[in-house]
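Here the structure is laid out as structure tokens; the discussion comes afterwards.
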2 protein chains.
Amino acid sequence: MARIGVVGAGAVGCYYGALLARGGHDVRFLMRRDLEAVRAHGLTVESPLGGFSLADVAAFATPEEIGPCDWVICSLKTPALPEARGLVEPCLGPGTRIVALMNGLGVEDAFAWAGPERVFGAMAFVCINRGAPGVVRHLEYGRVNIGHVLDDPDECERLRALFASGGIDVAVAENLRHARWEKLCWNIPFNGLSVAAGGIGTEAIVKDAWLRATAERAMREVVAVGNADLGAIGSAARLDEPEIVQRMFMLTDTMGDYHTSMAIDYVLARPLEVEMILGNPLRRAGELGIAAPTVAALYALVRAADRRNQGMLPVITPDRV
Amino acid sequence: MARIGVVGAGAVGCYYGALLARGGHDVRFLMRRDLEAVRAHGLTVESPLGGFSLADVAAFATPEEIGPCDWVICSLKTPALPEARGLVEPCLGPGTRIVALMNGLGVEDAFAWAGPERVFGAMAFVCINRGAPGVVRHLEYGRVNIGHVLDDPDECERLRALFASGGIDVAVAENLRHARWEKLCWNIPFNGLSVAAGGIGTEAIVKDAWLRATAERAMREVVAVGNADLGAIGSAARLDEPEIVQRMFMLTDTMGDYHTSMAIDYVLARPLEVEMILGNPLRRAGELGIAAPTVAALYALVRAADRRNQGMLPVITPDRV
């Protein structure tokens with residue numbers, strides 16, 4: 001039994017934390033919105049694969065109350081990454097490992113202060129939303145791909161065993177950077193378009209010939225940038241373009257009308273994960289001299305959408321056309 | 001003195017029609033929204049260059065009331081082009097000429113039924129909005145570039161003289177197709193981004209590094225497609241990329257926060273001129289095998305914005321994330 005701190009208990013943190021708690025671990029959630037509800041009524045996972053409820057959940061308002069853990073799973077929204085150190089550090093003991101369970105390129109950099117030997121990256125391939133406070137709605141999929149910042153196989157095995165003990169479908173990535181790019185092959189086109197097209201679901205993207213073509217073009221650009229990046233950092237791993245395009249679209253075609261986390265954030269006017277998902281990969285493309293015009297357009301437009309929501313980009317109103 | 005029918009009396013039709021009427025011509029406006037106001041109070045042009053009012057304006061509800069004219073200026077919104085023949089044909093006599101005063105590629109095709117020798121294309125480089133009914137707000141610029149479908153210089157001179165007689169700054173384009181592409185070099189990036197970014201003004205585009213870069217990338221793509229098209233149709237005219245990019249951005253940088261007609265249409269949930277301005281040029285790029293990924297993304301997203309406004313693309317609502 002491990003002691004696990006979950007910092008950033010949104011849909012993803014609550015879901016995987018709940019699975020680990022059901023698996024017998026001492027899981028301690030740092031919560032904001034759901035704190036009172038979870039203390040009063042526990043945590044419920046609704047899922048077509050079989051839901052469950054945890055009556056007794058260790059939910060805390062501060063990381064100091066959580067204290068040192070064996071593992072800290074950090075699943076903050078990436079715009080909150082500047083707060084990560086303050087939230088994670090109080091949960092560290094001498095041997096604590098940190099799992100950056102987030103999307104995007106460069107999220108592990110936010111934990112460089114802890115030393116690379118402690119830090120894992122993890123990506124959830126899961127369709128999941130928050131329901132009412134204390135409720136997580138799991139819709140489909142659930143695999144977690146994990147990797148270690150130093151690609152240490154023994155460390156990877158430890159984390160794999162931990163996730164597996166919670167019944168989580170877990171796979172060790174060939175290497176972390178490769179896994180990050182592979183995930184971006186989905187996130188950049190689909191998160192990007194779901195916001196740039198005004199807050200729409202994945203079905204609306206794949207069923208519209210022009211949006212679908214734009215998604216595919218963006219995906220191919222991400223593959224090219226990812227492969228250039230992997231080559232530049234001396235990795236032998238590569239992204240197989242036709243295989244990835246075929247798999248990602250097959251996945252999305254059978255996903256139903258999934259609402260991406262970025263579309264949900266957009267519709268609820270929350271800060272968007274635009275820099276980690278779109279900005280950092282695009283800047284990397286620039287450094288590598290790889291053309292990524294579709295990604296660049298999506299970045300500019302999602303950034304504009306974010307700034308619009310934050311009141312930083314004035315829009316024309318019907319009374320002032 | 002010529003008899004001139006103005007079909008599609010929006011901002012552009014009213015403005016140039018008013019200048020021609022002031023110049024002594026018998027201008028007959030086909031009006032919808034402004035009909036009663038103009039019949040009661042005439043037509044007012046507000047302009048920093050000097051406004052004016054016309055007390056007696058010939059405004060009609062049907063083209064049959066207008067009857068045969070020497071010239072018909074058609075300045076419909078392009079989504080209304082399928083109605084153009086029904087509105088223009090009643091205004092034709094044996095020698096009537098038709099001026100398609102609209103943006104986009106292929107607008108003259110809507111008048112193919114009249115015979116190419118009758119048809120002109122014209123593009124207004126003007127910042128202009130509709131005010132209250134019967135009022136047009138001219139903000140800046142005003143040049144009209146004209147061309148004839150058969151590039152007939154004698155015909156061009158007749159139209160040039162007509163516009164000049166209204167005090168209009170008019171220039172005969174080297175050739176019409178070239179002029180269409182040159183106008184698209186502005187319209188595609190700026191109309192496109194003003195809508196894709198959620199209904200914003202030109203200043204917000206040129207002052208944001210990422211939107212500006214996207215606009216520039218789109219503009220360079222339009223130049224490439226335009227030059228390929230001009231070559232394919234056997235025209236010697238070409239678009240000079242550095243000159244156009246420099247001129248268009250200088251123009252836009254000094255324009256103030258102009259609200260593009262497409263952004264206004266978007267904000268007011270009117271049908272967008274997406275096919276003539278973005279769709280047709282993009283399809284031409286495809287035929288010519290020229291890559292235009294930024295234009296393609298803008299087309300997909302502006303089309304999505306249009307469909308959203310028309311209720312044809314479901315958006316995620318805050319209560320149904």
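By order of appearance in the structure tokens: chains A, B, ..., then residues from 1 within every chain, and ligands from 1 in the order shown.
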
Name the residues of stretch 91-290 of chain A that come out as alpha helix (DSSP H) in a backbone DSSP run; write them as a PyMOL selection string. chain A and resi 153-165+176-186+192-196+202-206+209-232+241-253+261-267+274+280-288

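Close contacts of B:Glu64, defined as residues with an atom at most 8 Å away when counting only C-alpha atoms, with chain neighbours fewer than 2 positions off set aside, comprise B:Thr62, B:Ile66, B:Gly67, B:Pro90, B:Cys91.
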
Select from stretch 22-242 of chain B everything DSSP, run on the backbone, classes as strand (DSSP E or B), then give the selection as an MDAnalysis selection string. chainID B and resid 26:30 43:46 52:54 58:60 69:74 92:101 119:130 135:148 170:172

Which residues come within 10 Å of stretch 11-22 of chain B, counting only C-alpha atoms, excluding same-chain residues fewer than 6 positions away, as a PyMOL selection string? chain B and resi 1-5+28-31+34+43-46+52-54+56-58+73-76+101-102+123-124+126-131+134-138+142+144+162-168+261

Deliver the residues from the most recent selection as a file, using C-alpha atoms, as a PDB file, in the first residue's frame.
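Below is the file result.pdb, written as the result:
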ATOM      1  CA  MET B   1     -26.728  61.476 -67.537  1.00  0.00           C
ATOM      2  CA  ALA B   2     -27.143  57.763 -67.208  1.00  0.00           C
ATOM      3  CA  ARG B   3     -29.890  55.739 -65.623  1.00  0.00           C
ATOM      4  CA  ILE B   4     -28.312  53.474 -63.015  1.00  0.00           C
ATOM      5  CA  GLY B   5     -30.020  50.717 -61.063  1.00  0.00           C
ATOM      6  CA  ARG B  28     -32.627  54.027 -58.758  1.00  0.00           C
ATOM      7  CA  PHE B  29     -32.081  51.977 -55.621  1.00  0.00           C
ATOM      8  CA  LEU B  30     -33.610  48.583 -54.941  1.00  0.00           C
ATOM      9  CA  MET B  31     -34.014  48.624 -51.179  1.00  0.00           C
ATOM     10  CA  ASP B  34     -33.940  51.152 -45.721  1.00  0.00           C
ATOM     11  CA  LEU B  43     -30.045  59.211 -48.022  1.00  0.00           C
ATOM     12  CA  THR B  44     -27.235  60.582 -45.860  1.00  0.00           C
ATOM     13  CA  VAL B  45     -23.562  59.861 -46.259  1.00  0.00           C
ATOM     14  CA  GLU B  46     -21.449  60.595 -43.203  1.00  0.00           C
ATOM     15  CA  PHE B  52     -23.784  64.996 -47.785  1.00  0.00           C
ATOM     16  CA  SER B  53     -27.485  64.295 -47.956  1.00  0.00           C
ATOM     17  CA  LEU B  54     -29.775  63.552 -50.873  1.00  0.00           C
ATOM     18  CA  ASP B  56     -34.970  63.025 -53.154  1.00  0.00           C
ATOM     19  CA  VAL B  57     -33.911  59.459 -53.736  1.00  0.00           C
ATOM     20  CA  ALA B  58     -35.537  57.035 -56.133  1.00  0.00           C
ATOM     21  CA  ILE B  73     -24.636  48.019 -60.196  1.00  0.00           C
ATOM     22  CA  CYS B  74     -25.118  44.786 -58.301  1.00  0.00           C
ATOM     23  CA  SER B  75     -23.768  44.993 -54.779  1.00  0.00           C
ATOM     24  CA  LEU B  76     -25.662  42.146 -53.170  1.00  0.00           C
ATOM     25  CA  LEU B 101     -19.477  45.386 -57.305  1.00  0.00           C
ATOM     26  CA  MET B 102     -18.680  42.628 -54.841  1.00  0.00           C
ATOM     27  CA  MET B 123     -14.019  46.029 -56.063  1.00  0.00           C
ATOM     28  CA  ALA B 124     -14.303  48.812 -53.543  1.00  0.00           C
ATOM     29  CA  VAL B 126     -13.313  51.333 -48.778  1.00  0.00           C
ATOM     30  CA  CYS B 127     -14.038  51.262 -45.064  1.00  0.00           C
ATOM     31  CA  ILE B 128     -17.744  51.740 -44.804  1.00  0.00           C
ATOM     32  CA  ASN B 129     -20.614  50.602 -42.573  1.00  0.00           C
ATOM     33  CA  ARG B 130     -24.339  51.041 -42.525  1.00  0.00           C
ATOM     34  CA  GLY B 131     -25.669  53.390 -39.899  1.00  0.00           C
ATOM     35  CA  GLY B 134     -30.932  55.802 -44.676  1.00  0.00           C
ATOM     36  CA  VAL B 135     -27.468  56.552 -43.289  1.00  0.00           C
ATOM     37  CA  VAL B 136     -24.140  55.264 -44.570  1.00  0.00           C
ATOM     38  CA  ARG B 137     -20.994  55.843 -42.532  1.00  0.00           C
ATOM     39  CA  HIS B 138     -17.955  56.243 -44.702  1.00  0.00           C
ATOM     40  CA  GLY B 142     -12.900  54.710 -51.347  1.00  0.00           C
ATOM     41  CA  VAL B 144     -12.953  51.381 -56.853  1.00  0.00           C
ATOM     42  CA  LEU B 162     -19.179  56.875 -65.260  1.00  0.00           C
ATOM     43  CA  PHE B 163     -17.624  56.418 -61.828  1.00  0.00           C
ATOM     44  CA  ALA B 164     -15.363  59.428 -62.326  1.00  0.00           C
ATOM     45  CA  SER B 165     -18.418  61.558 -63.120  1.00  0.00           C
ATOM     46  CA  GLY B 166     -19.609  60.815 -59.576  1.00  0.00           C
ATOM     47  CA  GLY B 167     -16.312  62.011 -58.120  1.00  0.00           C
ATOM     48  CA  ILE B 168     -15.354  58.434 -57.342  1.00  0.00           C
ATOM     49  CA  SER B 261     -17.942  43.426 -43.372  1.00  0.00           C
TER      50      SER B 261
END

Return the neighbours of chain A among the residues of chain B, cut-off 10 Å, counting only C-alpha atoms, as a ChimeraX atom specification. /B:129-131,193-194,196-201,204-205,208-215,217-218,258-261,263-269,292-305,308,313-321

Atom CA of B:Asp257 to atom CA of B:Tyr141, distance in Å rounded to a single decimal: 14.0 Å

How far is it from atom CA of B:Met312 to atom CA of B:Met276, in Å with one decimal?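 Value for the atom CA of B:Met312-atom CA of B:Met276 distance: 19.7 Å.
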
Determine, counting only C-alpha atoms, which protein, DNA and RNA residues have an atom within 12 Å of an atom of B:Arg247; residues of the same chain fewer than 2 positions away are not included. Present the result as a list of chain:residue names.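 Within the cut-off, the hits are B:Glu182, B:Lys183, B:Cys185, B:Trp186, B:Glu216, B:Met219, B:Asp240, B:Glu241, B:Pro242, B:Glu243, B:Ile244, B:Val245, B:Phe249, B:Met250, B:Leu251, B:Thr252, B:Asp253, B:Thr254.
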
Neighbours of stretch 152-161 of chain B within 9 Å (only C-alpha atoms; same-chain residues fewer than 2 positions away dropped), as a PDB file with C-alpha atoms, in the first residue's frame?
ATOM      1  CA  VAL B  99     -21.300  45.873 -62.717  1.00  0.00           C
ATOM      2  CA  GLU B 117     -19.724  41.425 -73.075  1.00  0.00           C
ATOM      3  CA  ARG B 118     -22.204  43.060 -70.685  1.00  0.00           C
ATOM      4  CA  PHE B 120     -17.932  44.140 -65.351  1.00  0.00           C
ATOM      5  CA  ILE B 146     -12.877  48.027 -62.158  1.00  0.00           C
ATOM      6  CA  GLY B 147     -12.427  45.495 -64.892  1.00  0.00           C
ATOM      7  CA  HIS B 148     -14.403  43.925 -67.700  1.00  0.00           C
ATOM      8  CA  VAL B 149     -14.966  40.179 -67.935  1.00  0.00           C
ATOM      9  CA  LEU B 150     -13.426  40.207 -71.430  1.00  0.00           C
ATOM     10  CA  PHE B 163     -17.624  56.418 -61.828  1.00  0.00           C
ATOM     11  CA  ALA B 164     -15.363  59.428 -62.326  1.00  0.00           C
ATOM     12  CA  SER B 165     -18.418  61.558 -63.120  1.00  0.00           C
ATOM     13  CA  GLY B 166     -19.609  60.815 -59.576  1.00  0.00           C
ATOM     14  CA  VAL B 170     -11.674  54.855 -59.886  1.00  0.00           C
ATOM     15  CA  ALA B 171      -8.898  52.825 -61.475  1.00  0.00           C
ATOM     16  CA  VAL B 172      -9.047  50.419 -64.378  1.00  0.00           C
ATOM     17  CA  ALA B 173      -7.420  47.148 -63.380  1.00  0.00           C
TER      18      ALA B 173
END

Measuring between only C-alpha atoms, which one of A:Ala291, A:Ala132, A:Ala179, A:Val88 shows the shortest distance to A:Trp113?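 That would be A:Val88, the residue with the smallest distance to A:Trp113.
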
Work out how far atom CA of B:Pro271 is from atom CA of B:Gln310, in Å to one decimal.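 Atom CA of B:Pro271 lies 7.6 Å from atom CA of B:Gln310.
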
Check the smallest atom-to-atom distance from each of A:Met248, A:Ala100, A:Ile290, A:Ala40 to A:Ala55 using only C-alpha atoms, then report the winner.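 Of A:Met248, A:Ala100, A:Ile290, A:Ala40, the one nearest A:Ala55, counting only C-alpha atoms, is A:Ala40.
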